[in-house]
file upload.pdb (PDB, C-alpha atoms and all ligand atoms)
MODEL        1
ATOM      1  CA  MET A 129    -137.225  16.043  27.832
ATOM      2  CA  GLU A 130    -136.090  12.397  28.019
ATOM      3  CA  SER A 131    -138.783   9.912  28.917
ATOM      4  CA  ARG A 132    -138.310   6.532  30.510
ATOM      5  CA  VAL A 133    -140.346   3.970  28.602
ATOM      6  CA  VAL A 134    -141.800   0.952  30.395
ATOM      7  CA  ASP A 135    -143.394  -1.729  28.273
ATOM      8  CA  LEU A 136    -146.253  -3.475  30.115
ATOM      9  CA  ARG A 137    -147.923  -4.956  27.043
ATOM     10  CA  ARG A 138    -146.879  -8.518  27.872
ATOM     11  CA  GLU A 139    -147.669  -8.190  31.564
ATOM     12  CA  PRO A 140    -150.693 -10.339  32.587
ATOM     13  CA  GLY A 141    -153.816  -8.167  33.062
ATOM     14  CA  SER A 142    -153.940  -8.848  36.789
ATOM     15  CA  ARG A 143    -150.389  -7.547  37.241
ATOM     16  CA  VAL A 144    -150.431  -4.411  35.092
ATOM     17  CA  LEU A 145    -151.606  -2.053  37.843
ATOM     18  CA  THR A 146    -149.081  -3.278  40.409
ATOM     19  CA  ALA A 147    -146.263  -3.135  37.877
ATOM     20  CA  ALA A 148    -147.292   0.367  36.766
ATOM     21  CA  PHE A 149    -147.517   1.577  40.374
ATOM     22  CA  TYR A 150    -144.001   0.334  41.053
ATOM     23  CA  GLU A 151    -142.689   2.345  38.082
ATOM     24  CA  VAL A 152    -144.619   5.527  38.677
ATOM     25  CA  LYS A 153    -144.599   5.907  42.453
ATOM     26  CA  GLY A 154    -141.319   7.845  42.641
ATOM     27  CA  LEU A 155    -142.089  10.233  39.762
ATOM     28  CA  GLN A 156    -140.777  13.707  40.575
ATOM     29  CA  PRO A 157    -141.546  17.132  39.063
ATOM     30  CA  GLY A 158    -139.592  17.528  35.840
ATOM     31  CA  GLU A 159    -139.701  13.792  35.078
ATOM     32  CA  ARG A 160    -141.716  12.019  32.465
ATOM     33  CA  LEU A 161    -142.595   8.358  32.192
ATOM     34  CA  VAL A 162    -144.136   6.494  29.280
ATOM     35  CA  LEU A 163    -146.115   3.325  29.901
ATOM     36  CA  LEU A 164    -147.011   1.065  26.991
ATOM     37  CA  THR A 165    -150.122  -0.973  27.697
ATOM     38  CA  ALA A 166    -152.141  -3.507  25.748
ATOM     39  CA  GLU A 167    -155.530  -2.338  27.074
ATOM     40  CA  GLU A 168    -157.182   1.086  27.167
ATOM     41  CA  PRO A 169    -155.424   2.666  30.189
ATOM     42  CA  SER A 170    -157.928   5.174  31.674
ATOM     43  CA  LEU A 171    -158.832   3.060  34.692
ATOM     44  CA  ILE A 172    -155.218   2.247  35.400
ATOM     45  CA  ALA A 173    -154.165   5.903  35.184
ATOM     46  CA  GLN A 174    -157.032   6.999  37.464
ATOM     47  CA  SER A 175    -156.222   4.304  39.954
ATOM     48  CA  LEU A 176    -152.503   5.228  40.012
ATOM     49  CA  ASP A 177    -153.415   8.883  40.447
ATOM     50  CA  LEU A 178    -155.687   8.044  43.371
ATOM     51  CA  GLN A 179    -153.022   5.928  45.047
ATOM     52  CA  LEU A 180    -150.518   8.765  44.646
ATOM     53  CA  GLN A 181    -152.777  11.477  46.099
ATOM     54  CA  HIS A 182    -153.559  13.050  42.734
ATOM     55  CA  ARG A 183    -149.949  13.805  41.873
ATOM     56  CA  LEU A 184    -150.226  12.670  38.260
ATOM     57  CA  ALA A 185    -151.165  14.201  34.936
ATOM     58  CA  TRP A 186    -151.370  11.951  31.886
ATOM     59  CA  THR A 187    -152.294  11.684  28.252
ATOM     60  CA  ALA A 188    -153.023   8.448  26.454
ATOM     61  CA  VAL A 189    -152.875   7.775  22.730
ATOM     62  CA  ARG A 190    -153.800   4.694  20.766
ATOM     63  CA  GLU A 191    -150.966   3.092  18.863
ATOM     64  CA  GLU A 192    -150.827   0.192  16.498
ATOM     65  CA  SER A 193    -149.717  -2.267  19.139
ATOM     66  CA  GLY A 194    -151.674  -0.933  22.120
ATOM     67  CA  TRP A 195    -151.617   2.314  24.086
ATOM     68  CA  ARG A 196    -148.973   4.849  24.952
ATOM     69  CA  VAL A 197    -149.538   6.686  28.246
ATOM     70  CA  GLU A 198    -147.364   9.663  28.986
ATOM     71  CA  ILE A 199    -147.277  10.456  32.687
ATOM     72  CA  ARG A 200    -145.972  13.638  34.271
ATOM     73  CA  HIS A 201    -146.011  15.131  37.717
ATOM     74  CA  ARG A 202    -149.067  17.304  38.131
ATOM     75  CA  ALA A 203    -146.885  20.226  39.223
ATOM     76  CA  ASP A 204    -145.477  20.354  35.661
ATOM     77  CA  VAL A 205    -148.869  20.842  34.057
ATOM     78  CA  ALA A 206    -151.028  23.986  34.280
ATOM     79  CA  PRO A 207    -154.193  23.495  36.389
ATOM     80  CA  LYS A 208    -157.017  22.418  34.111
ATOM     81  CA  ASP A 209    -159.839  24.168  35.987
ATOM     82  CA  LEU A 210    -160.826  25.908  39.218
ATOM     83  CA  VAL A 211    -161.305  22.664  41.163
ATOM     84  CA  ASP A 212    -157.863  21.487  40.100
ATOM     85  CA  LEU A 213    -156.273  24.810  41.072
ATOM     86  CA  LEU A 214    -157.834  24.916  44.553
ATOM     87  CA  THR A 215    -157.337  21.205  45.212
ATOM     88  CA  ARG A 216    -153.673  21.497  44.346
ATOM     89  CA  ASP A 217    -153.339  24.372  46.779
ATOM     90  CA  HIS A 218    -154.953  22.213  49.491
ATOM     91  CA  GLN A 219    -152.369  19.544  48.791
ATOM     92  CA  ARG A 220    -149.495  22.042  48.835
ATOM     93  CA  LEU A 221    -150.656  23.414  52.191
ATOM     94  CA  ASP A 222    -151.190  19.907  53.595
ATOM     95  CA  GLY A 223    -147.631  19.005  52.562
ATOM     96  CA  LEU A 224    -146.145  22.054  54.295
ATOM     97  CA  PHE A 225    -148.197  21.348  57.391
ATOM     98  CA  ALA A 226    -147.163  17.679  57.513
ATOM     99  CA  ARG A 227    -143.469  18.590  57.233
ATOM    100  CA  ALA A 228    -143.820  21.185  59.995
ATOM    101  CA  LEU A 229    -145.635  18.706  62.247
ATOM    102  CA  GLN A 230    -142.940  16.102  61.714
ATOM    103  CA  LEU A 231    -140.320  18.612  62.927
ATOM    104  CA  VAL A 232    -142.464  19.656  65.898
ATOM    105  CA  ASN A 233    -142.925  16.013  66.882
ATOM    106  CA  GLY A 234    -139.157  15.585  66.674
ATOM    107  CA  ASN A 235    -138.789  18.583  69.028
ATOM    108  CA  GLU A 236    -137.218  20.679  66.265
ATOM    109  CA  LEU A 237    -139.310  23.749  66.922
ATOM    110  CA  ALA A 238    -136.883  26.270  65.437
ATOM    111  CA  GLY A 239    -136.713  24.234  62.230
ATOM    112  CA  ALA A 240    -140.502  24.052  62.070
ATOM    113  CA  SER A 241    -140.919  27.799  62.477
ATOM    114  CA  PRO A 242    -140.277  28.910  58.844
ATOM    115  CA  LEU A 243    -142.518  26.116  57.570
ATOM    116  CA  ILE A 244    -145.297  27.178  59.914
ATOM    117  CA  ARG A 245    -144.905  30.789  58.746
ATOM    118  CA  GLU A 246    -145.044  29.743  55.103
ATOM    119  CA  PHE A 247    -148.052  27.528  55.798
ATOM    120  CA  ALA A 248    -149.828  30.316  57.708
ATOM    121  CA  SER A 249    -149.392  32.911  54.986
ATOM    122  CA  GLY A 250    -150.395  30.394  52.293
ATOM    123  CA  LEU A 251    -153.485  29.384  54.254
ATOM    124  CA  ARG A 252    -154.515  33.023  54.786
ATOM    125  CA  ARG A 253    -154.131  33.708  51.054
ATOM    126  CA  HIS A 254    -156.159  30.592  50.265
ATOM    127  CA  VAL A 255    -158.978  31.672  52.588
ATOM    128  CA  GLU A 256    -158.847  35.183  51.130
ATOM    129  CA  ALA A 257    -159.170  33.817  47.587
ATOM    130  CA  GLU A 258    -162.172  31.699  48.595
ATOM    131  CA  ASN A 259    -163.890  34.352  50.762
ATOM    132  CA  ASP A 260    -163.134  37.613  49.013
ATOM    133  CA  LEU A 261    -162.802  36.561  45.417
ATOM    134  CA  LEU A 262    -164.660  33.339  44.637
ATOM    135  CA  ALA A 263    -167.587  33.637  47.073
ATOM    136  CA  ILE A 264    -168.357  37.055  45.573
ATOM    137  CA  ARG A 265    -167.547  36.362  41.961
ATOM    138  CA  LEU A 266    -169.470  33.049  41.920
ATOM    139  CA  PRO A 267    -172.385  33.709  44.291
ATOM    140  CA  LEU A 268    -174.294  30.696  45.613
ATOM    141  CA  PRO A 269    -177.650  30.646  47.394
ATOM    142  CA  ARG A 270    -177.464  30.788  51.199
ATOM    143  CA  ASP A 271    -179.740  28.844  53.489
ATOM    144  CA  PRO A 272    -181.126  30.692  56.573
ATOM    145  CA  ALA A 273    -180.111  27.714  58.739
ATOM    146  CA  GLY A 274    -176.546  28.063  57.438
ATOM    147  CA  VAL A 275    -176.268  24.482  56.227
ATOM    148  CA  ASP A 276    -175.464  25.292  52.584
ATOM    149  CA  PRO A 277    -171.892  24.678  51.312
ATOM    150  CA  LEU A 278    -170.980  28.382  51.156
ATOM    151  CA  SER A 279    -172.146  29.188  54.707
ATOM    152  CA  ILE A 280    -170.343  26.100  55.983
ATOM    153  CA  MET A 281    -167.165  27.199  54.220
ATOM    154  CA  LEU A 282    -167.273  30.716  55.661
ATOM    155  CA  ARG A 283    -167.933  29.412  59.184
ATOM    156  CA  GLU A 284    -165.140  26.847  58.980
ATOM    157  CA  HIS A 285    -162.710  29.499  57.748
ATOM    158  CA  GLU A 286    -163.274  31.465  60.974
ATOM    159  CA  GLU A 287    -162.610  28.324  62.959
ATOM    160  CA  ILE A 288    -159.470  27.502  60.962
ATOM    161  CA  LEU A 289    -158.009  31.004  61.311
ATOM    162  CA  GLY A 290    -158.671  30.880  65.078
ATOM    163  CA  GLN A 291    -156.875  27.540  65.378
ATOM    164  CA  LEU A 292    -153.988  28.830  63.258
ATOM    165  CA  ALA A 293    -153.601  31.857  65.547
ATOM    166  CA  LEU A 294    -153.294  29.495  68.543
ATOM    167  CA  ILE A 295    -150.367  27.706  66.885
ATOM    168  CA  GLU A 296    -148.691  31.015  66.070
ATOM    169  CA  SER A 297    -149.254  32.281  69.624
ATOM    170  CA  CYS A 298    -147.058  29.441  70.941
ATOM    171  CA  TYR A 299    -144.111  31.023  69.114
ATOM    172  CA  GLU A 300    -144.814  34.564  70.257
ATOM    173  CA  ASP A 301    -142.844  34.557  73.504
ATOM    174  CA  GLY A 302    -139.918  32.874  71.758
ATOM    175  CA  ALA A 303    -140.015  29.655  73.816
ATOM    176  CA  PRO A 304    -142.564  27.308  72.269
ATOM    177  CA  GLU A 305    -143.203  23.922  73.846
ATOM    178  CA  SER A 306    -143.386  21.052  71.421
ATOM    179  CA  GLY A 307    -146.258  19.328  73.265
ATOM    180  CA  GLU A 308    -148.380  22.447  73.128
ATOM    181  CA  VAL A 309    -147.600  23.238  69.477
ATOM    182  CA  ALA A 310    -148.247  19.608  68.479
ATOM    183  CA  ALA A 311    -151.597  19.613  70.322
ATOM    184  CA  PHE A 312    -152.791  22.760  68.544
ATOM    185  CA  MET A 313    -151.528  21.408  65.224
ATOM    186  CA  ALA A 314    -153.432  18.164  65.755
ATOM    187  CA  ILE A 315    -156.644  20.147  66.230
ATOM    188  CA  LEU A 316    -156.086  22.196  63.075
ATOM    189  CA  SER A 317    -155.075  19.119  61.099
ATOM    190  CA  GLY A 318    -158.454  17.467  61.799
ATOM    191  CA  THR A 319    -160.450  20.627  61.064
ATOM    192  CA  LEU A 320    -158.575  21.273  57.848
ATOM    193  CA  ALA A 321    -158.926  17.726  56.536
ATOM    194  CA  LYS A 322    -162.712  17.795  57.001
ATOM    195  CA  HIS A 323    -162.943  21.306  55.570
ATOM    196  CA  GLU A 324    -160.971  20.465  52.430
ATOM    197  CA  TYR A 325    -162.983  17.308  51.887
ATOM    198  CA  ARG A 326    -166.276  19.221  52.162
ATOM    199  CA  GLU A 327    -165.093  21.983  49.834
ATOM    200  CA  GLU A 328    -163.760  19.612  47.211
ATOM    201  CA  ASN A 329    -166.909  17.496  47.209
ATOM    202  CA  ASN A 330    -169.739  19.908  47.979
ATOM    203  CA  LEU A 331    -168.683  23.444  47.137
ATOM    204  CA  PHE A 332    -166.117  23.441  44.323
ATOM    205  CA  PRO A 333    -168.345  21.495  41.906
ATOM    206  CA  LEU A 334    -171.024  24.199  42.369
ATOM    207  CA  TRP A 335    -168.505  26.950  41.642
ATOM    208  CA  GLU A 336    -167.222  25.026  38.646
ATOM    209  CA  ALA A 337    -170.774  24.668  37.295
ATOM    210  CA  LEU A 338    -171.368  28.434  37.625
ATOM    211  CA  LEU A 339    -168.060  29.152  35.969
ATOM    212  CA  ALA A 340    -168.794  26.757  33.118
ATOM    213  CA  ARG A 341    -171.666  29.034  32.050
ATOM    214  CA  GLU A 342    -169.310  31.932  31.456
ATOM    215  CA  ALA A 343    -167.310  32.775  28.358
ATOM    216  CA  GLY A 344    -163.846  31.267  28.074
ATOM    217  CA  GLU A 345    -162.137  34.635  28.504
ATOM    218  CA  ALA A 346    -163.954  35.460  31.753
ATOM    219  CA  ARG A 347    -163.138  31.989  33.066
ATOM    220  CA  ASP A 348    -159.457  32.300  32.245
ATOM    221  CA  GLU A 349    -159.302  35.741  33.803
ATOM    222  CA  LEU A 350    -160.806  34.492  37.068
ATOM    223  CA  LEU A 351    -158.506  31.477  37.157
ATOM    224  CA  ALA A 352    -155.512  33.767  36.638
ATOM    225  CA  ARG A 353    -156.653  36.049  39.470
ATOM    226  CA  VAL A 354    -157.131  33.124  41.850
ATOM    227  CA  GLU A 355    -153.766  31.657  40.909
ATOM    228  CA  LYS A 356    -152.042  34.991  41.511
ATOM    229  CA  MET A 357    -153.721  35.393  44.883
ATOM    230  CA  LEU A 358    -152.725  31.889  46.000
ATOM    231  CA  LYS A 359    -149.112  32.489  45.008
ATOM    232  CA  GLY A 360    -148.980  35.845  46.802
TER     233      GLY A 360
HETATM  234 FE    FE A 401    -161.553  26.853  52.497
HETATM  235 FE    FE A 402    -160.047  25.594  50.188
ENDMDL
END
call {"tool": "encode", "arguments": {"input": "upload.pdb", "output": "structure tokens"}}
result
Amino acid sequence: MESRVVDLRREPGSRVLTAAFYEVKGLQPGERLVLLTAEEPSLIAQSLDLQLQHRLAWTAVREESGWRVEIRHRADVAPKDLVDLLTRDHQRLDGLFARALQLVNGNELAGASPLIREFASGLRRHVEAENDLLAIRLPLPRDPAGVDPLSIMLREHEEILGQLALIESCYEDGAPESGEVAAFMAILSGTLAKHEYREENNLFPLWEALLAREAGEARDELLARVEKMLKG
């Protein structure tokens, strides 16, 4: 694969991040970009990744005259762990949802319909993987008051599936109204954003810690099962 090489070694320190962002922001799956930097590039790469909603995967190697950072789209690189796999699926679902909402807001309800169907089946598979596979395979302690991360996840899934069914019900009689669909989508959008944030920060690290205690083979097998379930 051909790589575009951008030499930032003579760029003043204060400008390196901005210059790198300009080069990397349009990176698409299948593309590869090499940045040459004078300083150790970890902070720059992390910062770029954060600004681009975690779309990047990179490796950095020391060279005689500085550092060589090879950047690829995250979609081109196998997920590195369970958190990465689930977080990527959140992002994929969020992307589908955002595109569907854009069409609904533009009153293109027929155009939004296949995206909503794809989103709905992806979301149901995601919930199934979390509820029926991971919650059982990586059991976490439950609190009687239901305030532990697992209980919160299970409760929010019920809520999310209920809100999803409301969106789908708008399409059932064949004449959806964009205002109504958009209103239900706005509700789900808020619920989902909070839910994903809580999972990624409170629950997934606990699952990852449990998984880290297992043998490599068992870990890989579980990751493969989750990946298969998410893909459907
Ligand atoms: Fe979830
Ligand atoms: Fe999730």
call {"tool": "residues_around", "arguments": {"input": "upload.pdb", "residues": "Leu231 of chain A", "least_positions_apart": "5", "cutoff": "12 Å", "atoms": "all atoms listed in the file", "output": "MDAnalysis selection string"}}
result
chainID A and resid 224:226 236:244 306:307 309:310 313
call {"tool": "closest_residue", "arguments": {"input": "upload.pdb", "among": "A:Leu262, A:Ala311, A:Val152, A:Ala166", "to": "Leu214 of chain A", "atoms": "all atoms listed in the file"}}
result
A:Leu262
call {"tool": "residues_around", "arguments": {"input": "upload.pdb", "residues": "Ser193 of chain A", "least_positions_apart": "2", "cutoff": "10 Å", "atoms": "all atoms listed in the file", "output": "MDAnalysis selection string"}}
result
chainID A and resid 137 164:167 190:191 195:196
call {"tool": "residues_near_ligand", "arguments": {"input": "upload.pdb", "ligand": "ligand FE 401 (chain A)", "cutoff": "8 Å", "atoms": "all atoms listed in the file", "output": "ChimeraX atom specification"}}
result
/A:254-255,258,281-282,284-285,323-324,327
call {"tool": "residues_near_ligand", "arguments": {"input": "upload.pdb", "ligand": "ligand FE 402 (chain A)", "cutoff": "12 Å", "atoms": "all atoms listed in the file", "output": "PyMOL selection string"}}
result
chain A and resi 210-222+250-259+262-263+277-278+280-282+284-285+288+319-332+354+358
call {"tool": "axis_aligned_box", "arguments": {"input": "upload.pdb", "around": "segment 320-324 of chain A", "padding_each_side": "3 Å", "output": "JSON"}}
result
{"center_x": -160.8, "center_y": 19.5, "center_z": 55.1, "size_x": 10.4, "size_y": 9.6, "size_z": 11.4}
call {"tool": "closest_residue", "arguments": {"input": "upload.pdb", "among": "A:Ala148, A:Met357, A:Leu136, A:Leu163", "to": "Asp260 of chain A", "atoms": "all atoms listed in the file"}}
result
A:Met357
call {"tool": "closest_residue", "arguments": {"input": "upload.pdb", "among": "A:Ile199, A:Leu178, A:Leu334, A:Leu350", "to": "Asp276 of chain A", "atoms": "all atoms listed in the file"}}
result
A:Leu334
call {"tool": "resolve_selection", "arguments": {"input": "upload.pdb", "expression": "the PyMOL selection byres (((chain A and resi 200-206) around 10) and not hetatm)", "output": "PDB file with C-alpha atoms, keeping the file's coordinate frame"}}
result
ATOM      1  CA  SER A 131    -138.783   9.912  28.917  1.00  0.00           C
ATOM      2  CA  VAL A 152    -144.619   5.527  38.677  1.00  0.00           C
ATOM      3  CA  GLY A 154    -141.319   7.845  42.641  1.00  0.00           C
ATOM      4  CA  LEU A 155    -142.089  10.233  39.762  1.00  0.00           C
ATOM      5  CA  GLN A 156    -140.777  13.707  40.575  1.00  0.00           C
ATOM      6  CA  PRO A 157    -141.546  17.132  39.063  1.00  0.00           C
ATOM      7  CA  GLY A 158    -139.592  17.528  35.840  1.00  0.00           C
ATOM      8  CA  GLU A 159    -139.701  13.792  35.078  1.00  0.00           C
ATOM      9  CA  ARG A 160    -141.716  12.019  32.465  1.00  0.00           C
ATOM     10  CA  LEU A 161    -142.595   8.358  32.192  1.00  0.00           C
ATOM     11  CA  VAL A 162    -144.136   6.494  29.280  1.00  0.00           C
ATOM     12  CA  ASP A 177    -153.415   8.883  40.447  1.00  0.00           C
ATOM     13  CA  HIS A 182    -153.559  13.050  42.734  1.00  0.00           C
ATOM     14  CA  ARG A 183    -149.949  13.805  41.873  1.00  0.00           C
ATOM     15  CA  LEU A 184    -150.226  12.670  38.260  1.00  0.00           C
ATOM     16  CA  ALA A 185    -151.165  14.201  34.936  1.00  0.00           C
ATOM     17  CA  TRP A 186    -151.370  11.951  31.886  1.00  0.00           C
ATOM     18  CA  THR A 187    -152.294  11.684  28.252  1.00  0.00           C
ATOM     19  CA  VAL A 197    -149.538   6.686  28.246  1.00  0.00           C
ATOM     20  CA  GLU A 198    -147.364   9.663  28.986  1.00  0.00           C
ATOM     21  CA  ILE A 199    -147.277  10.456  32.687  1.00  0.00           C
ATOM     22  CA  PRO A 207    -154.193  23.495  36.389  1.00  0.00           C
ATOM     23  CA  LYS A 208    -157.017  22.418  34.111  1.00  0.00           C
ATOM     24  CA  ASP A 209    -159.839  24.168  35.987  1.00  0.00           C
ATOM     25  CA  ASP A 212    -157.863  21.487  40.100  1.00  0.00           C
ATOM     26  CA  LEU A 213    -156.273  24.810  41.072  1.00  0.00           C
ATOM     27  CA  ARG A 216    -153.673  21.497  44.346  1.00  0.00           C
TER      28      ARG A 216
END
call {"tool": "resolve_selection", "arguments": {"input": "upload.pdb", "expression": "the PyMOL selection byres (((chain A and resi 266) around 8) and not hetatm)", "output": "list in words"}}
result
Leu262, Ala263, Ile264, Arg265, Pro267, Leu268, Trp335, Leu338 and Leu339 of chain A
call {"tool": "atom_distance", "arguments": {"input": "upload.pdb", "atom1": "atom CA of Phe149 of chain A", "atom2": "atom CA of Gln179 of chain A"}}
result
8.4 Å
